[in-house]
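Chemist: To be precise about what I am sending: the file is called entry.txt and holds compact mmCIF, C-alpha atoms.
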```
# COMPACT_ATOMS: atom_id res chain seq x y z
CA MET Y 1 0.00 0.00 0.00
CA LYS Y 2 2.83 2.36 0.83
CA ASN Y 3 4.40 1.97 -2.58
CA SER Y 4 1.12 2.60 -4.30
CA ALA Y 5 0.84 6.06 -2.72
CA PHE Y 6 4.35 6.88 -3.90
CA LEU Y 7 3.63 5.61 -7.42
CA LYS Y 8 0.35 7.51 -7.53
CA GLY Y 9 2.20 10.68 -6.62
CA MET Y 10 4.71 10.01 -9.38
CA ALA Y 11 1.97 9.38 -11.92
CA HIS Y 12 0.22 12.62 -10.97
CA GLY Y 13 3.57 14.37 -11.25
CA ILE Y 14 4.39 13.29 -14.83
CA PRO Y 15 2.63 16.22 -16.56
CA ILE Y 16 4.31 18.59 -14.10
CA ALA Y 17 7.71 17.06 -14.80
CA LEU Y 18 7.27 17.33 -18.58
CA GLY Y 19 6.25 20.96 -18.27
CA TYR Y 20 9.20 21.67 -15.99
CA LEU Y 21 11.59 19.94 -18.38
CA SER Y 22 10.91 22.39 -21.18
CA VAL Y 23 10.54 25.53 -19.06
CA SER Y 24 13.75 24.84 -17.11
CA PHE Y 25 15.54 24.30 -20.43
CA GLY Y 26 14.86 27.98 -21.01
CA PHE Y 27 16.09 28.80 -17.52
CA GLY Y 28 19.34 26.90 -18.16
CA ILE Y 29 19.99 28.92 -21.31
CA MET Y 30 19.16 32.16 -19.49
CA ALA Y 31 21.45 31.36 -16.55
CA VAL Y 32 24.43 30.54 -18.76
CA LYS Y 33 23.85 33.73 -20.76
CA ALA Y 34 23.94 35.62 -17.45
CA GLY Y 35 27.44 34.21 -16.83
CA LEU Y 36 26.77 31.17 -14.62
CA SER Y 37 28.40 27.80 -15.27
CA VAL Y 38 26.47 24.67 -16.24
CA LEU Y 39 27.10 23.22 -12.79
CA GLU Y 40 25.97 26.37 -10.97
CA SER Y 41 22.81 26.66 -13.08
CA THR Y 42 21.90 23.03 -12.44
CA PHE Y 43 22.64 23.38 -8.73
CA ILE Y 44 20.31 26.39 -8.47
CA SER Y 45 17.45 24.33 -9.91
CA LEU Y 46 18.22 21.35 -7.68
CA THR Y 47 18.19 23.46 -4.51
CA ASN Y 48 15.44 25.99 -5.33
CA LEU Y 49 12.80 24.29 -7.46
CA THR Y 50 11.03 27.50 -8.45
CA SER Y 51 10.85 29.45 -11.72
CA ALA Y 52 10.30 33.13 -11.04
CA GLY Y 53 12.53 33.18 -7.95
CA GLN Y 54 15.40 31.55 -9.82
CA ALA Y 55 15.11 33.89 -12.79
CA ALA Y 56 15.15 36.90 -10.45
CA GLY Y 57 17.99 35.35 -8.41
CA VAL Y 58 20.13 34.99 -11.53
CA ASP Y 59 19.50 38.67 -12.28
CA VAL Y 60 20.73 39.59 -8.80
CA ILE Y 61 23.88 37.48 -9.24
CA ALA Y 62 24.54 38.84 -12.73
CA SER Y 63 24.19 42.44 -11.57
CA GLY Y 64 26.39 41.82 -8.52
CA GLY Y 65 23.63 42.63 -6.02
CA THR Y 66 23.99 42.23 -2.27
CA LEU Y 67 22.97 39.13 -0.31
CA ALA Y 68 20.30 41.19 1.47
CA GLU Y 69 18.84 42.07 -1.89
CA MET Y 70 18.89 38.40 -2.85
CA ALA Y 71 17.06 37.42 0.33
CA LEU Y 72 14.47 40.18 -0.05
CA VAL Y 73 13.88 39.34 -3.71
CA GLN Y 74 13.30 35.67 -2.90
CA LEU Y 75 11.03 36.59 0.02
CA THR Y 76 8.84 38.82 -2.13
CA ILE Y 77 8.62 36.51 -5.10
CA ASN Y 78 8.17 33.29 -3.16
CA ILE Y 79 5.94 34.51 -0.33
CA ARG Y 80 3.04 32.84 -2.13
CA TYR Y 81 4.51 29.47 -1.11
CA ALA Y 82 3.90 30.41 2.53
CA LEU Y 83 0.23 30.81 1.75
CA MET Y 84 0.15 27.54 -0.19
CA GLY Y 85 1.91 25.74 2.65
CA LEU Y 86 -0.64 27.17 5.05
CA SER Y 87 -3.44 25.89 2.88
CA LEU Y 88 -1.93 22.41 2.42
CA SER Y 89 -1.20 22.09 6.14
CA GLN Y 90 -4.97 21.93 6.68
CA LYS Y 91 -5.42 18.73 4.70
CA LEU Y 92 -2.56 16.45 5.78
CA ASP Y 93 -2.92 12.80 6.73
CA LYS Y 94 -2.08 11.87 10.35
CA ASN Y 95 1.09 10.15 9.04
CA PHE Y 96 2.39 13.60 8.23
CA THR Y 97 4.68 14.03 11.25
CA PHE Y 98 6.86 17.09 11.73
CA PRO Y 99 9.96 15.65 9.96
CA HIS Y 100 7.81 14.69 6.99
CA ARG Y 101 6.36 18.19 6.89
CA MET Y 102 9.83 19.72 6.90
CA ALA Y 103 10.93 17.41 4.06
CA ALA Y 104 7.84 17.78 1.88
CA ALA Y 105 7.85 21.58 2.32
CA PHE Y 106 10.81 21.72 -0.05
CA GLY Y 107 8.57 20.66 -2.91
CA ILE Y 108 5.76 23.21 -2.60
CA THR Y 109 5.53 24.83 -6.05
CA ASP Y 110 2.58 26.41 -7.87
CA GLU Y 111 1.94 23.26 -9.87
CA ILE Y 112 2.50 20.72 -7.07
CA PHE Y 113 0.31 22.80 -4.79
CA GLY Y 114 -2.37 22.89 -7.47
CA VAL Y 115 -2.46 19.14 -7.92
CA CYS Y 116 -2.22 18.38 -4.16
CA ALA Y 117 -4.91 20.92 -3.27
CA ALA Y 118 -7.24 19.30 -5.80
CA GLN Y 119 -6.98 15.85 -4.12
CA LYS Y 120 -10.10 14.71 -2.27
CA GLU Y 121 -8.40 12.46 0.32
CA PRO Y 122 -5.87 13.67 2.93
CA LEU Y 123 -2.30 13.99 1.67
CA THR Y 124 0.25 11.36 2.70
CA PRO Y 125 4.01 11.98 2.80
CA LEU Y 126 4.70 9.26 0.21
CA TYR Y 127 2.21 10.70 -2.25
CA MET Y 128 3.86 14.10 -2.02
CA TYR Y 129 7.37 12.61 -2.20
CA GLY Y 130 6.50 10.76 -5.42
CA MET Y 131 5.23 13.93 -7.04
CA ILE Y 132 8.08 16.08 -5.77
CA LEU Y 133 10.78 13.63 -6.83
CA ILE Y 134 9.65 13.30 -10.44
CA SER Y 135 9.05 17.06 -10.70
CA MET Y 136 12.54 17.77 -9.33
CA ALA Y 137 14.04 15.33 -11.82
CA GLY Y 138 12.33 17.13 -14.70
CA TRP Y 139 13.24 20.59 -13.44
CA THR Y 140 16.89 19.77 -12.76
CA ALA Y 141 17.46 17.70 -15.91
CA GLY Y 142 15.88 20.39 -18.08
CA THR Y 143 18.13 23.05 -16.56
CA PHE Y 144 21.23 20.93 -17.13
CA LEU Y 145 20.28 20.27 -20.75
CA GLY Y 146 19.48 23.92 -21.39
CA ALA Y 147 22.66 25.15 -19.76
CA PHE Y 148 24.79 22.50 -21.50
CA ALA Y 149 23.19 22.18 -24.92
CA GLY Y 150 22.09 25.80 -25.02
CA GLN Y 151 25.66 26.66 -25.99
CA LEU Y 152 25.63 24.06 -28.76
CA LEU Y 153 22.29 25.12 -30.23
CA PRO Y 154 22.28 27.45 -33.26
CA ALA Y 155 22.13 31.06 -32.05
CA PRO Y 156 18.60 31.81 -33.41
CA VAL Y 157 17.17 28.76 -31.61
CA SER Y 158 18.79 29.57 -28.30
CA ALA Y 159 17.73 33.22 -28.67
CA ALA Y 160 14.11 32.20 -29.30
CA LEU Y 161 14.15 29.93 -26.24
CA GLY Y 162 14.97 32.93 -24.06
CA ILE Y 163 11.29 33.87 -24.12
CA VAL Y 164 9.99 30.49 -22.81
CA LEU Y 165 9.93 31.42 -19.13
CA TYR Y 166 8.22 34.76 -19.77
CA GLY Y 167 5.67 33.03 -21.97
CA MET Y 168 4.82 30.81 -19.04
CA PHE Y 169 4.49 33.82 -16.73
CA LEU Y 170 1.99 35.38 -19.17
CA ALA Y 171 0.08 32.10 -19.25
CA ILE Y 172 -0.25 32.36 -15.44
CA ILE Y 173 -1.31 36.01 -15.20
CA VAL Y 174 -3.56 36.45 -18.25
CA PRO Y 175 -6.46 34.06 -17.45
CA PRO Y 176 -7.22 35.48 -13.95
CA SER Y 177 -6.81 39.02 -15.35
CA ARG Y 178 -9.48 38.22 -17.89
CA LYS Y 179 -11.88 36.97 -15.22
CA GLU Y 180 -11.28 39.50 -12.44
CA LYS Y 181 -10.98 43.24 -12.97
CA SER Y 182 -9.11 43.51 -9.68
CA VAL Y 183 -6.32 41.19 -10.87
CA LEU Y 184 -6.19 42.99 -14.22
CA CYS Y 185 -5.80 46.30 -12.41
CA VAL Y 186 -2.98 44.94 -10.20
CA VAL Y 187 -1.20 43.32 -13.15
CA LEU Y 188 -1.37 46.47 -15.31
CA THR Y 189 -0.24 48.68 -12.43
CA ALA Y 190 2.74 46.42 -11.74
CA ALA Y 191 3.66 46.38 -15.45
CA LEU Y 192 3.38 50.16 -15.75
CA LEU Y 193 5.50 50.73 -12.65
CA SER Y 194 8.05 48.23 -13.92
CA VAL Y 195 8.35 50.09 -17.24
CA LEU Y 196 8.72 53.40 -15.38
CA CYS Y 197 11.45 51.90 -13.14
CA LYS Y 198 13.31 50.49 -16.11
CA TYR Y 199 13.47 53.77 -18.07
CA LEU Y 200 13.26 56.46 -15.38
CA LEU Y 201 15.31 54.77 -12.64
CA PRO Y 202 17.86 52.73 -14.62
CA LYS Y 203 20.19 52.61 -11.60
CA LEU Y 204 17.63 50.74 -9.51
CA SER Y 205 18.58 47.06 -9.63
CA GLY Y 206 16.17 44.62 -11.21
CA GLY Y 207 15.44 42.76 -7.99
CA PHE Y 208 14.49 45.84 -6.00
CA ALA Y 209 12.49 47.18 -8.92
CA VAL Y 210 10.38 44.01 -8.95
CA ILE Y 211 9.79 44.24 -5.18
CA LEU Y 212 8.86 47.92 -5.35
CA CYS Y 213 6.48 47.46 -8.27
CA ALA Y 214 4.85 44.27 -6.99
CA VAL Y 215 4.35 45.47 -3.41
CA SER Y 216 2.96 48.86 -4.53
CA ALA Y 217 0.57 47.27 -7.02
CA SER Y 218 -0.60 44.65 -4.50
CA VAL Y 219 -1.15 47.19 -1.70
CA LEU Y 220 -3.18 49.25 -4.15
CA GLY Y 221 -5.15 46.13 -5.12
CA ALA Y 222 -5.76 45.16 -1.48
CA LEU Y 223 -6.99 48.70 -0.68
CA LEU Y 224 -9.19 49.14 -3.77
CA PHE Y 225 -10.41 45.56 -4.12
CA PRO Y 226 -10.34 43.80 -0.74
CA ARG Y 227 -11.24 40.14 -1.11
CA LYS Y 228 -14.13 39.18 1.13
CA GLU Y 229 -13.96 35.39 1.10
CA GLU Y 230 -11.07 33.63 -0.51
CA SER Y 231 -9.76 30.18 0.32
CA ALA Y 232 -6.00 30.63 0.68
CA MET R 233 31.37 37.38 -3.90
CA SER R 234 31.26 33.64 -4.48
CA ILE R 235 28.28 32.45 -6.50
CA ALA R 236 27.89 29.51 -4.09
CA VAL R 237 27.05 31.95 -1.27
CA TYR R 238 24.38 33.60 -3.42
CA ILE R 239 22.87 30.22 -4.22
CA LEU R 240 22.94 29.23 -0.56
CA VAL R 241 21.05 32.37 0.49
CA MET R 242 18.62 31.93 -2.37
CA ALA R 243 17.88 28.30 -1.55
CA GLY R 244 17.79 28.90 2.22
CA VAL R 245 15.30 31.76 2.07
CA THR R 246 13.11 29.91 -0.42
CA TYR R 247 13.09 26.79 1.75
CA LEU R 248 12.23 28.67 4.95
CA ILE R 249 9.31 30.44 3.24
CA ARG R 250 7.95 27.03 2.33
CA ALA R 251 8.79 25.17 5.53
CA ILE R 252 7.76 27.56 8.30
CA PRO R 253 4.03 27.81 7.55
CA PHE R 254 3.76 24.23 6.30
CA GLY R 255 5.61 22.83 9.30
CA PHE R 256 4.30 24.98 12.14
CA PHE R 257 1.19 27.01 11.50
CA ARG R 258 -2.35 25.74 11.89
CA LYS R 259 -4.30 28.98 12.14
CA LYS R 260 -6.00 30.91 9.37
CA ILE R 261 -5.11 34.46 8.38
CA ASN R 262 -8.09 36.66 9.17
CA SER R 263 -6.99 40.12 8.08
CA VAL R 264 -8.84 40.91 4.86
CA PHE R 265 -6.12 43.35 3.82
CA LEU R 266 -3.35 40.80 4.34
CA ARG R 267 -5.25 38.05 2.59
CA SER R 268 -5.97 40.33 -0.35
CA PHE R 269 -2.36 41.48 -0.50
CA LEU R 270 -1.10 37.88 -0.48
CA TYR R 271 -3.60 36.96 -3.16
CA TYR R 272 -2.42 39.72 -5.52
CA ILE R 273 1.32 39.52 -4.91
CA PRO R 274 2.15 36.54 -7.19
CA TYR R 275 0.41 38.14 -10.18
CA ALA R 276 2.04 41.51 -9.51
CA VAL R 277 5.48 39.90 -9.23
CA LEU R 278 5.13 37.95 -12.47
CA SER R 279 3.80 41.00 -14.29
CA ALA R 280 6.64 43.24 -13.10
CA MET R 281 9.18 40.55 -14.00
CA THR R 282 7.73 40.02 -17.46
CA ILE R 283 7.13 43.63 -18.57
CA PRO R 284 9.30 45.03 -20.08
CA ALA R 285 11.91 42.20 -19.74
CA ILE R 286 10.11 39.94 -22.23
CA PHE R 287 10.88 42.40 -25.03
CA TYR R 288 14.60 41.94 -24.42
CA SER R 289 14.44 38.17 -23.91
CA THR R 290 15.40 37.15 -27.45
CA GLY R 291 17.94 39.86 -28.15
CA ASN R 292 15.70 41.29 -30.89
CA LEU R 293 12.70 43.54 -30.25
CA VAL R 294 10.72 42.35 -33.29
CA THR R 295 11.01 38.58 -32.61
CA ALA R 296 10.31 39.18 -28.92
CA ALA R 297 7.21 41.24 -29.72
CA ALA R 298 5.94 38.49 -32.02
CA GLY R 299 6.44 35.90 -29.27
CA THR R 300 4.72 38.16 -26.74
CA ILE R 301 1.66 38.69 -28.94
CA ILE R 302 1.28 34.95 -29.56
CA ALA R 303 1.68 34.23 -25.84
CA LEU R 304 -0.95 36.85 -24.92
CA ILE R 305 -3.45 35.44 -27.43
CA LEU R 306 -2.96 31.81 -26.39
CA ALA R 307 -2.98 32.72 -22.70
CA PHE R 308 -6.22 34.64 -23.22
CA PHE R 309 -7.80 31.42 -24.47
CA GLU R 310 -6.37 29.59 -21.45
CA LEU R 311 -4.19 27.09 -23.26
CA PRO R 312 -1.89 25.04 -20.98
CA LEU R 313 1.19 26.83 -19.63
CA ILE R 314 3.59 24.75 -21.64
CA VAL R 315 1.74 25.29 -24.93
CA VAL R 316 1.76 29.06 -24.39
CA ALA R 317 5.44 29.07 -23.42
CA LEU R 318 6.68 26.99 -26.35
CA SER R 319 4.43 28.72 -28.90
CA ALA R 320 5.86 32.09 -27.85
CA SER R 321 9.31 30.70 -28.49
CA LEU R 322 8.31 29.19 -31.84
CA ALA R 323 6.74 32.50 -32.91
CA ALA R 324 9.94 34.34 -32.02
CA PHE R 325 12.02 31.79 -33.94
CA VAL R 326 9.83 31.85 -37.08
CA THR R 327 9.75 35.66 -37.07
CA GLY R 328 13.53 35.63 -36.86
CA LEU R 329 13.71 33.63 -40.11
CA PHE R 330 12.16 36.55 -42.00
CA LEU R 331 14.43 39.25 -40.62
```
What's the C-alpha cells form of this structure?

Modeler:
Amino acid sequence: MKNSAFLKGMAHGIPIALGYLSVSFGFGIMAVKAGLSVLESTFISLTNLTSAGQAAGVDVIASGGTLAEMALVQLTINIRYALMGLSLSQKLDKNFTFPHRMAAAFGITDEIFGVCAAQKEPLTPLYMYGMILISMAGWTAGTFLGAFAGQLLPAPVSAALGIVLYGMFLAIIVPPSRKEKSVLCVVLTAALLSVLCKYLLPKLSGGFAVILCAVSASVLGALLFPRKEESA
Amino acid sequence: MSIAVYILVMAGVTYLIRAIPFGFFRKKINSVFLRSFLYYIPYAVLSAMTIPAIFYSTGNLVTAAAGTIIALILAFFELPLIVVALSASLAAFVTGLFL
C-alpha cells in the first residue's frame, strides 16, 4: 500500500515534470547567458525548485547585487509558497509528522500545490514525495540540458528559447486578469511601474524594482479591491 | 562574492518560506487586507518581472514582440502553460527567419 501512494504521486507528477523539463531548459539557457556555469545553473534548480525566484535570483547574481537584496527578492517573489503551505497544512494525513512536513515543504511549487490541493483524500508523505521527486528530476534535468546544450544550439534557436519562461508567466497572469478586474488592475499597475522603473530609474537594480512594483501594485489592489472570502 | 554563497542564500530563504508555515502554523489568516495582498502579490510579481523584460528576452525587439503577442493570445484562451510558453518561443524563432 505504501508503494502505491508513492507511485500515484509520481503518476500525478508526470505532466508537471514534462512541463518543468521544457521551461527549465529555457532557464538553463538564461542562466548561462547571465554568466553562470552549467554546474551552478543546475545546482540552483536542484536546490530551489522554483521558476520566477530563480530567474530573479540569476539577475541579482549577474548584476552583482547584495545578499540582502537576494534574500528580499526571494522573500517577495516566493511569499506565495507560505500561503500555499498554510493551505496544504490543513489537509494532511495523520502520518504527516513534523519531519515529513519539513521534508515535503521543499517541494511546494505552484503546480505541485495545485495538484495536491485538488486531491479529495488527505495527503500522505509518500504521495507528495513521489510527485516532488519526479518534478525535481524534470526541473533539474531540463536546466542541465538547457545550460549545457544551449551553448551548442544554433544562435537563433537559443535566442528564441529565451522567451519560454516569460511566456509561461503570461500564461499564469492572463487568465485570472481576464476573469477578475481587480487582478487585471494589479497586473497592469505592476507592469506600468516596472516600465517606469526600467526607463526612469535605470540605476535601480532589477530585484528591488520588482519588489517595489509588486508590493505597490498589491497594496493598491488590497486597498481598492479587498477580497471578502477567498480560500488561501 | 562567491556564487555559491548567493545560491545558498537563495535556496535557504526559499526553503524557509515554504517550511515555516507548512511545518508549524495551523491557524487561518483573518486580516482581509493581508489576505488580499497575499492573493495579488504573485500576479504583480510575475507582471513586473515580465514587462518590459520579455521584449529583451530574445535579443531582438521584433522577434520578442511576435512571441509576446502569440503568448498573450494563447494565454487569453487559457491554453496550458507549456503550450503558451513553447508557442511564444516558436513564434519568435519563425519571425527571426524573415528578418

Chemist: At a cut-off of 10 Å, using only C-alpha atoms, what residues contact stretch 253-258 of chain R? Leave out same-chain residues fewer than 6 positions from it and give the result as a PDB file with C-alpha atoms, in the frame of the given file.

Modeler:
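selection.pdb was written with the following content:
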```
ATOM      1  CA  TYR Y  81       4.510  29.470  -1.110  1.00  0.00           C
ATOM      2  CA  ALA Y  82       3.900  30.410   2.530  1.00  0.00           C
ATOM      3  CA  LEU Y  83       0.230  30.810   1.750  1.00  0.00           C
ATOM      4  CA  MET Y  84       0.150  27.540  -0.190  1.00  0.00           C
ATOM      5  CA  GLY Y  85       1.910  25.740   2.650  1.00  0.00           C
ATOM      6  CA  LEU Y  86      -0.640  27.170   5.050  1.00  0.00           C
ATOM      7  CA  SER Y  87      -3.440  25.890   2.880  1.00  0.00           C
ATOM      8  CA  LEU Y  88      -1.930  22.410   2.420  1.00  0.00           C
ATOM      9  CA  SER Y  89      -1.200  22.090   6.140  1.00  0.00           C
ATOM     10  CA  GLN Y  90      -4.970  21.930   6.680  1.00  0.00           C
ATOM     11  CA  PHE Y  96       2.390  13.600   8.230  1.00  0.00           C
ATOM     12  CA  THR Y  97       4.680  14.030  11.250  1.00  0.00           C
ATOM     13  CA  PHE Y  98       6.860  17.090  11.730  1.00  0.00           C
ATOM     14  CA  PRO Y  99       9.960  15.650   9.960  1.00  0.00           C
ATOM     15  CA  HIS Y 100       7.810  14.690   6.990  1.00  0.00           C
ATOM     16  CA  ARG Y 101       6.360  18.190   6.890  1.00  0.00           C
ATOM     17  CA  MET Y 102       9.830  19.720   6.900  1.00  0.00           C
ATOM     18  CA  ALA Y 103      10.930  17.410   4.060  1.00  0.00           C
ATOM     19  CA  ALA Y 104       7.840  17.780   1.880  1.00  0.00           C
ATOM     20  CA  ALA Y 105       7.850  21.580   2.320  1.00  0.00           C
ATOM     21  CA  PHE Y 106      10.810  21.720  -0.050  1.00  0.00           C
ATOM     22  CA  ILE Y 108       5.760  23.210  -2.600  1.00  0.00           C
TER      23      ILE Y 108
END
```

Chemist: For chain Y against chain R, which residues fall within 6 Å using all atoms listed in the file, given as a ChimeraX atom specification?

Modeler: /Y:19,47-48,81-82,85-86,89,101-102,105-106,159-164,166-169,171,173-175,187,190-191,194-195,210,214,218-219,222,226-227

Chemist: What gap, in Å, lies between atom CA of Y:Ser135 and atom CA of Y:Thr109?

Modeler: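 Calculated distance between atom CA of Y:Ser135 and atom CA of Y:Thr109 is 9.7 Å.
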
Chemist: Could you list as a VMD selection string every residue that has an atom within 9 Å of (20.7, 38.7, -1.0), using the file's coordinates and counting only C-alpha atoms?

Modeler: (chain Y and resid 57 60 to 61 65 to 74) or (chain R and resid 238 241 to 242)

Chemist: Just how far from atom CA of Y:Gly142 is atom CA of Y:Val115, in Å to one decimal?

Modeler: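 Atom CA of Y:Gly142 lies 21.0 Å from atom CA of Y:Val115.
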
Chemist: To one decimal place, how far is atom CA of Y:Pro15 from atom CA of Y:Ala34 in Å?

Modeler: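 These two atoms are separated by 28.8 Å.
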
Chemist: Could you give me the axis-aligned bounding box of stretch 272-281 of chain R, with 8 Å of padding per side, as centre plus edge lengths in Å to one decimal, as JSON?

Modeler:
```
{"center_x": 3.4, "center_y": 39.9, "center_z": -9.6, "size_x": 27.6, "size_y": 22.7, "size_z": 25.4}
```

Chemist: Please identify all polymer residues within 12 Å of Y:Leu7, counting all atoms listed in the file, omitting same-chain residues fewer than 5 positions from it, and present them as a VMD selection string.

Modeler: chain Y and resid 1 to 2 12 to 14 126 to 134

Chemist: Let me see the file: selected residues, C-alpha atoms, as a CSV table (one decimal), in the frame of the given file.

Modeler:
```csv
chain,number,residue,atom,x,y,z
Y,1,MET,CA,0.0,0.0,0.0
Y,2,LYS,CA,2.8,2.4,0.8
Y,12,HIS,CA,0.2,12.6,-11.0
Y,13,GLY,CA,3.6,14.4,-11.2
Y,14,ILE,CA,4.4,13.3,-14.8
Y,126,LEU,CA,4.7,9.3,0.2
Y,127,TYR,CA,2.2,10.7,-2.2
Y,128,MET,CA,3.9,14.1,-2.0
Y,129,TYR,CA,7.4,12.6,-2.2
Y,130,GLY,CA,6.5,10.8,-5.4
Y,131,MET,CA,5.2,13.9,-7.0
Y,132,ILE,CA,8.1,16.1,-5.8
Y,133,LEU,CA,10.8,13.6,-6.8
Y,134,ILE,CA,9.6,13.3,-10.4
```
